[in-house]
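What follows is a single structure, written as structure tokens, with notes after it.
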Amino acid sequence: MSHDFRVGIAGLGTVGASAVRMLVRQDEQLTARLGRRVRVTAVTARDRARDRGFDLAALTWFDDPVALARSGDIDCFVELIGGEDGAALEAVTAALETGKHVVTANKALLARHGVTLAALAEKKGVSLAFEASVAGGIPVIKTLREALGGNSVSRVYGILNGTCNYILSRMEAEGLSFDDCLKDAQRLGYAEADPTFDVGGFDTAHKLAILTSLAFGTEIDAEAIYVEGISSISPIDIRMADELGYRIKLLGVAERTKTGIEQRVHPTMVPKSSAIAQVMGVTNAVTIDADAVREVTLVGPGAGGDATASAVVADICDLAAGGAVPAFGVPVGALRKPERAAMRMHTGGYYVRLTAYDRPGAAASIVTRMAEADISLESIVQHRSEDAAQRDPSGRSGAPVPVVLITYATTEAAIRRAVDKVIGDGHVAEAPQVIRIERE
């Protein structure tokens, strides 16, 4: 194994350029550690003229990523193009078909085609590596697949999107609205011009699909994930969470339940005392609940050129050292068909904020509807504005006021049934806000 390990990189954006610079910078140390030299020999990107902080002259340039993937002059193809289909899928498939190892950061590609690509890699005797696809520089793939091999995982959950965590952190720290925080995130480059993929929860869902497969030994089942974004979170929800001892985070959660594997992405209230509640800004975090280690939380940069390139380079080094493991921890044939747990069967505590008309019988009717659905209430909080109290000292202005209910453990189906009844009774001025509570 003395010959150089030759790498071709498709995509020289922030991550790709950073990976090239990292491999050059760490050349001597990596050669000493691996017993062979890792060399980037060929690249492809949209713009050949752009300055990326290194000399392209010594590298073979390809205009077509598929041609690079098929080249006989590389041992490993690194896909950093992005997208679940198109050039990324064609190039990765071509690389595997011609016996090349593949390293990718493409969570969308894996969520849609991961099992098929892993099967092709097995057939050709090469590896499909994707540490950089989830949580940037945090080594969560390796942790689940290798470091916790002797454990039975019951739940994996985390903050998997820095844009959402940044927005929610700013909303809490400065009392800003979602829209104001989003505009600021776009100005600073933390959010895309079209932020739907991030703030709608879809980016988190792709990453969760990968973690679920690794945690539970199942085929990827991205279609089963319940997805809810953060655009409905308002400053009053942030304030009420704080008052009640919680913090709101967009979490991706995969959990083994009595009825199957539950996969969900949604805004979640987490206790302020929990490790995941301390994770602020663009930082990511993943918590793994397992039988032997109980709880492991990994925290670190979930995006950015250097952090994601760190994971890319780690995969390249593993492959150069001959460390081949099945992409999802077990051979593809051993991956089980996942039993889907219906979201309506989800059990947990709930925060329900109702904008209720401040008039006789409204509160009693709301509580009655909860009781009819067998929902036990842990607390009821009602805030009347000072202005409303001054206008009507009797305490019954008829104006809409926020009423917050915190429930004990109940089912999603029961909450939805009760909320629909409350809406039908005409006691609320707008759609209720429902946020799940993830207890420690």
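Chain labels run A, B, ... following the order of the structure tokens; each chain numbers its residues from 1, and ligands are numbered from 1 in the order shown.
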Inset, instruction - Pull the strand (DSSP E or B) assignments for stretch 250-392 of chain A out of DSSP run on the backbone, and list those residues as JSON, numbers by chain. - result: {"A": [250, 251, 252, 253, 254, 255, 256, 257, 260, 261, 262, 263, 264, 265, 266, 267, 268, 269, 270, 271, 283, 284, 285, 286, 287, 288, 289, 290, 294, 295, 296, 297, 298, 299, 300, 301, 336, 340, 347, 348, 349, 350, 351, 352, 353, 354, 355, 356, 357, 377, 378, 379, 380, 381, 382]}
Legend entry - Non-local contacts of stretch 81-89 of chain A (10 Å; only C-alpha atoms; under 5 positions in same chain excluded) as a PyMOL selection string: chain A and resi 9-13+16+44-46+64-66+94-95+104-113+117
Inset, instruction - List the neighbours of A:Ser152 out to 12 Å using only C-alpha atoms; skip same-chain residues closer than 5 positions along the sequence, and give me the result as a ChimeraX atom specification. - result: /A:144-145,214-217,255-256,288-295
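Nearest to A:Met171 of all the residues A:His206, A:Val265, A:Gly281, A:Thr259 is A:Gly281, counting only C-alpha atoms.
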Inset, instruction - May I have the residues within 9 Å of A:Arg36 as a list in words, using only C-alpha atoms and disregarding those fewer than 4 positions away in the same chain? - result: Met1, Ser2, His3, Asp4, Phe5, Leu30, Thr31, Ala32, Ala320 and Ala321 of chain A
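As for atom CA of A:Tyr350 and atom CA of A:Gly245, they are spaced 13.8 Å apart.
In terms of minimum interatomic distance to A:Ala17, A:Ser310 ranks closest within A:Asn161, A:Gly72, A:Ala205, A:Ser310, counting only C-alpha atoms.
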Inset, instruction - For A:Ala342, work out the shell of residues within 9 Å, counting only C-alpha atoms and skipping chain neighbours fewer than 2 positions away, then give it as a PyMOL selection string. - result: chain A and resi 224+259-262+340+344-346
Inset, instruction - Might you pull out every residue within 7 Å of A:Asp315, with only C-alpha atoms counted and same-chain residues fewer than 2 positions away left off, and present them as an MDAnalysis selection string? - result: chainID A and resid 103 129 131 311:313 317:319
Produce a file of the selected residues containing C-alpha atoms, as a PDB file, in the first residue's frame.
```pdb
ATOM      1  CA  VAL A 103     -16.749  10.460  -0.148  1.00  0.00           C
ATOM      2  CA  ALA A 129     -18.342   7.432   3.118  1.00  0.00           C
ATOM      3  CA  GLU A 131     -19.343  11.761   7.634  1.00  0.00           C
ATOM      4  CA  ALA A 311     -15.166  15.481   8.076  1.00  0.00           C
ATOM      5  CA  VAL A 312     -14.450  15.042   4.346  1.00  0.00           C
ATOM      6  CA  VAL A 313     -10.716  14.706   4.981  1.00  0.00           C
ATOM      7  CA  CYS A 317      -7.894   9.284   5.425  1.00  0.00           C
ATOM      8  CA  ASP A 318      -9.930   6.279   6.606  1.00  0.00           C
ATOM      9  CA  LEU A 319     -10.154   5.033   3.029  1.00  0.00           C
TER      10      LEU A 319
END
```
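Each of A:Ala42, A:Leu34, A:Ala135, A:Val299 was compared to A:Asp63 using only C-alpha atoms, and A:Ala42 turns out to be the nearest.
Between atom CA of A:Leu335 and atom CA of A:Ile138 the separation is 24.5 Å.
Proximity of A:Gln186, A:Leu251, A:Ser133, A:Asp374 to A:Ala285, computed with only C-alpha atoms, is greatest for A:Leu251.
Atom CA of A:Val253 is found 13.2 Å from atom CA of A:Phe202.
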Inset, instruction - Could you give me, as an MDAnalysis selection string, the residues within 9 Å of A:Lys124, counting only C-alpha atoms and dropping anything in the same chain fewer than 4 positions from it? - result: chainID A and resid 96:100 119:120
Inset, instruction - Write out as a ChimeraX atom specification all residues of stretch 64-146 of chain A that DSSP puts in helix (DSSP H, G or I) for this structure's backbone. - result: /A:65-70,86-97,107-124,131-133,140-146
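The shortest atom-to-atom distance to A:Arg21, with only C-alpha atoms taken into account, belongs to A:Ala309 out of A:Ala309, A:Leu176, A:Val199, A:Ile375.
Among the candidates A:Leu244, A:Gly302, A:Ala431, A:Gly329, the one nearest to A:Glu378 when counting only C-alpha atoms is A:Leu244.
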